[in-house]
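**Student:** Pasting entry_5.tsv here (TSV, C-alpha atoms):
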chain	number	residue	atom	x	y	z
A	71	MET	CA	5.71	-4.24	-11.04
A	72	VAL	CA	4.95	-1.62	-8.39
A	73	THR	CA	1.75	0.36	-8.82
A	74	MET	CA	1.69	3.78	-7.28
A	75	VAL	CA	-1.23	4.09	-4.92
A	76	LYS	CA	-2.61	7.59	-4.41
A	77	MET	CA	-3.49	8.46	-0.83
A	78	ARG	CA	-7.20	8.90	-0.18
A	79	LEU	CA	-7.99	10.96	2.90
A	80	MET	CA	-11.19	11.40	4.85
A	81	LEU	CA	-11.72	14.51	6.95
A	82	VAL	CA	-14.27	14.12	9.75
A	83	ASP	CA	-15.35	17.25	11.61
A	84	ASP	CA	-18.68	18.73	12.68
A	85	GLU	CA	-17.51	22.20	11.59
A	86	GLU	CA	-18.64	22.35	7.96
A	87	ARG	CA	-16.62	25.47	7.15
A	88	PHE	CA	-13.44	23.75	8.35
A	89	LEU	CA	-14.28	20.71	6.19
A	90	GLN	CA	-14.93	22.81	3.08
A	91	THR	CA	-11.87	25.04	3.33
A	92	THR	CA	-9.46	22.31	4.47
A	93	GLY	CA	-10.81	19.82	1.93
A	94	LYS	CA	-10.42	22.37	-0.86
A	95	MET	CA	-6.82	23.21	0.15
A	96	ILE	CA	-5.84	19.52	0.33
A	97	ARG	CA	-7.46	18.82	-3.06
A	98	LYS	CA	-5.47	21.71	-4.56
A	99	LYS	CA	-2.33	19.83	-3.49
A	100	GLY	CA	-3.50	16.88	-5.60
A	101	TYR	CA	-4.98	14.59	-2.97
A	102	ASP	CA	-8.27	12.72	-3.06
A	103	VAL	CA	-10.42	13.93	-0.12
A	104	ILE	CA	-13.74	12.71	1.23
A	105	THR	CA	-15.49	14.62	4.02
A	106	ALA	CA	-17.96	13.64	6.73
A	107	VAL	CA	-19.66	15.85	9.36
A	108	SER	CA	-20.18	13.11	11.96
A	109	GLY	CA	-18.87	9.79	13.20
A	110	ASP	CA	-21.95	8.06	11.78
A	111	GLU	CA	-21.44	9.60	8.32
A	112	CYS	CA	-17.75	8.64	8.45
A	113	LEU	CA	-18.57	4.99	9.20
A	114	GLU	CA	-21.21	4.90	6.43
A	115	LYS	CA	-18.80	6.33	3.85
A	116	LEU	CA	-16.05	3.90	4.89
A	117	LYS	CA	-18.39	1.03	3.91
A	118	GLN	CA	-18.59	2.45	0.37
A	119	LYS	CA	-15.14	3.91	-0.33
A	120	LEU	CA	-11.55	2.83	0.11
A	121	VAL	CA	-9.82	5.28	2.45
A	122	HIS	CA	-6.21	5.07	3.65
A	123	VAL	CA	-6.06	7.86	6.26
A	124	VAL	CA	-8.84	9.40	8.37
A	125	ILE	CA	-8.29	12.76	10.05
A	126	LEU	CA	-10.83	12.71	12.84
A	127	ASP	CA	-12.01	15.51	15.12
A	128	VAL	CA	-12.17	14.47	18.78
A	129	LYS	CA	-15.02	16.73	19.91
A	130	MET	CA	-18.20	16.12	17.92
A	131	PRO	CA	-21.84	15.97	18.96
A	132	GLY	CA	-23.32	12.48	19.08
A	133	MET	CA	-20.56	9.93	18.56
A	134	ASP	CA	-17.29	11.63	19.55
A	135	GLY	CA	-13.95	11.07	17.86
A	136	VAL	CA	-12.62	8.45	20.27
A	137	GLU	CA	-15.79	6.35	19.93
A	138	THR	CA	-15.65	6.78	16.12
A	139	LEU	CA	-11.96	5.77	16.17
A	140	LYS	CA	-12.77	2.57	18.06
A	141	LYS	CA	-15.47	1.67	15.52
A	142	ILE	CA	-13.18	2.45	12.56
A	143	LYS	CA	-10.47	0.20	14.04
A	144	GLN	CA	-13.03	-2.54	14.77
A	145	HIS	CA	-14.33	-2.63	11.18
A	146	HIS	CA	-11.34	-1.28	9.20
A	147	PRO	CA	-8.18	-2.09	11.20
A	148	ARG	CA	-5.83	-1.14	8.35
A	149	ILE	CA	-7.04	2.46	8.11
A	150	GLU	CA	-4.65	4.93	9.74
A	151	VAL	CA	-6.41	7.50	11.95
A	152	ILE	CA	-5.05	10.88	13.04
A	153	MET	CA	-6.95	12.58	15.86
A	154	LEU	CA	-7.59	16.31	15.49
A	155	THR	CA	-8.76	18.57	18.27
A	156	GLY	CA	-9.18	22.21	19.14
A	157	HIS	CA	-9.68	21.18	22.74
A	158	ALA	CA	-6.42	19.39	23.31
A	159	THR	CA	-6.44	17.47	26.53
A	160	ALA	CA	-3.84	14.96	27.56
A	161	ASP	CA	-6.65	12.49	28.36
A	162	SER	CA	-8.16	12.47	24.87
A	163	ALA	CA	-4.69	12.26	23.28
A	164	VAL	CA	-3.76	9.27	25.42
A	165	GLU	CA	-7.14	7.58	24.92
A	166	GLY	CA	-6.97	8.13	21.15
A	167	LEU	CA	-3.45	6.74	20.89
A	168	LYS	CA	-4.33	3.76	23.12
A	169	SER	CA	-7.35	3.09	20.90
A	170	GLY	CA	-5.25	2.84	17.76
A	171	ALA	CA	-4.76	6.39	16.48
A	172	THR	CA	-1.54	6.83	14.51
A	173	ASP	CA	-1.00	10.42	15.57
A	174	TYR	CA	-2.53	13.51	17.07
A	175	LEU	CA	-2.84	17.08	15.74
A	176	GLN	CA	-3.99	20.23	17.51
A	177	LYS	CA	-6.28	22.79	15.84
A	178	PRO	CA	-5.48	25.15	14.37
A	179	THR	CA	-2.92	23.28	12.31
A	180	SER	CA	-1.36	24.25	9.03
A	181	ILE	CA	-2.28	22.38	5.85
A	182	GLU	CA	1.43	21.51	5.51
A	183	ASP	CA	1.50	19.86	8.97
A	184	LEU	CA	-1.77	18.08	8.31
A	185	ILE	CA	-0.54	16.72	4.95
A	186	ALA	CA	2.87	15.78	6.43
A	187	LYS	CA	1.17	13.74	9.21
A	188	ALA	CA	-1.21	12.17	6.66
A	189	GLU	CA	1.75	11.26	4.39
A	190	GLN	CA	3.55	9.62	7.35
A	191	ALA	CA	0.40	7.67	8.21
A	192	PHE	CA	-0.05	6.66	4.55
A	193	ALA	CA	3.58	5.46	4.36
A	194	ARG	CA	2.94	3.37	7.46
A	195	HIS	CA	-0.25	2.00	5.86
A	196	LEU	CA	1.65	1.01	2.69
A	197	GLU	CA	4.45	-0.60	4.73
A	198	ILE	CA	1.94	-2.73	6.67
A	199	GLU	CA	0.09	-3.69	3.46
A	200	GLU	CA	3.41	-4.78	1.91
A	201	LYS	CA	4.31	-6.89	4.97
A	202	ILE	CA	0.89	-8.56	4.81
A	203	ARG	CA	1.32	-9.20	1.06
A	204	LEU	CA	4.77	-10.73	1.61
A	205	ALA	CA	3.53	-12.88	4.50
A	206	GLU	CA	0.61	-14.14	2.39
A	207	ALA	CA	2.95	-14.87	-0.53
A	208	PHE	CA	5.32	-16.75	1.80
A	209	LYS	CA	2.41	-18.72	3.25
A	210	GLN	CA	1.28	-19.68	-0.29
A	211	SER	CA	4.78	-20.73	-1.32
A	212	SER	CA	5.21	-22.98	1.70
A	213	ILE	CA	1.97	-24.90	1.16
Write out the structure in this file as structure tokens.

**Tutor:**
Amino acid sequence: MVTMVKMRLMLVDDEERFLQTTGKMIRKKGYDVITAVSGDECLEKLKQKLVHVVILDVKMPGMDGVETLKKIKQHHPRIEVIMLTGHATADSAVEGLKSGATDYLQKPTSIEDLIAKAEQAFARHLEIEEKIRLAEAFKQSSI
């Protein structure tokens, strides 16, 4: 029996207005959204809640997006992370992708593009989870 898993997103951005308006628009489309205004808050919330996809701003005061990405991947390797920046530089895109980001979006981006990228990342997450489940089942059956 296949259970349908609903994607849970986390938006991480130091611009509170962006978080509120974007979060509200994504929720209206039927998605579960958690928000965080900093890398530290993001990491704290990830300890408490299951999240499938994180949309993470690159430029934030304190811990920036790339540093936050590295910590997410260190503690939650199965979470898909999409980097988001208004200050698109090739360097931060390359560093983010090398550090495990699934994809990269430039601000301003449409809600449709953001959701499409998140859906692709979520599909990838589900595919990896299924491969892990099958490998574990195979390992159990061969014992």

**Student:** To one decimal place in Å, what is the distance between CA of Phe208 (chain A) and CA of His195 (chain A)?

**Tutor:** 20.0 Å

**Student:** For a quick check of understanding, using all atoms listed in the file, which of A:Ile142, A:Leu154, A:Asp127, A:Pro147 has the smallest distance to Asp183 (chain A)?

**Tutor:**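 Ranking A:Ile142, A:Leu154, A:Asp127, A:Pro147 by distance to Asp183 (chain A), first place goes to A:Leu154.
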
**Student:** Using all atoms listed in the file for the distances, tell me which of A:Val82, A:Ile96, A:Leu196, A:Ala205 is nearest to Glu182 (chain A).

**Tutor:**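 Once distances to Glu182 (chain A) are computed over all atoms listed in the file, the minimum belongs to A:Ile96.
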
**Student:** Under the rule that all atoms listed in the file are counted, which of A:Ile185, A:Ala193, A:Val128, A:Leu79 is the nearest residue to Ala163 (chain A)?

**Tutor:**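 For Ala163 (chain A), the nearest of the given residues is A:Val128.
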
**Student:** CA of Asp83 (chain A) and CA of Ser162 (chain A), how far apart in Å?

**Tutor:**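 Between CA of Ser162 (chain A) and CA of Asp83 (chain A) the gap is 15.8 Å.
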
**Student:** Between A:Lys115, A:Arg87, A:Lys140, A:His122, which is the closest to Ile198 (chain A) once you count all atoms listed in the file?

**Tutor:**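 Between A:Lys115, A:Arg87, A:Lys140, A:His122, the residue approaching Ile198 (chain A) most closely is A:His122.
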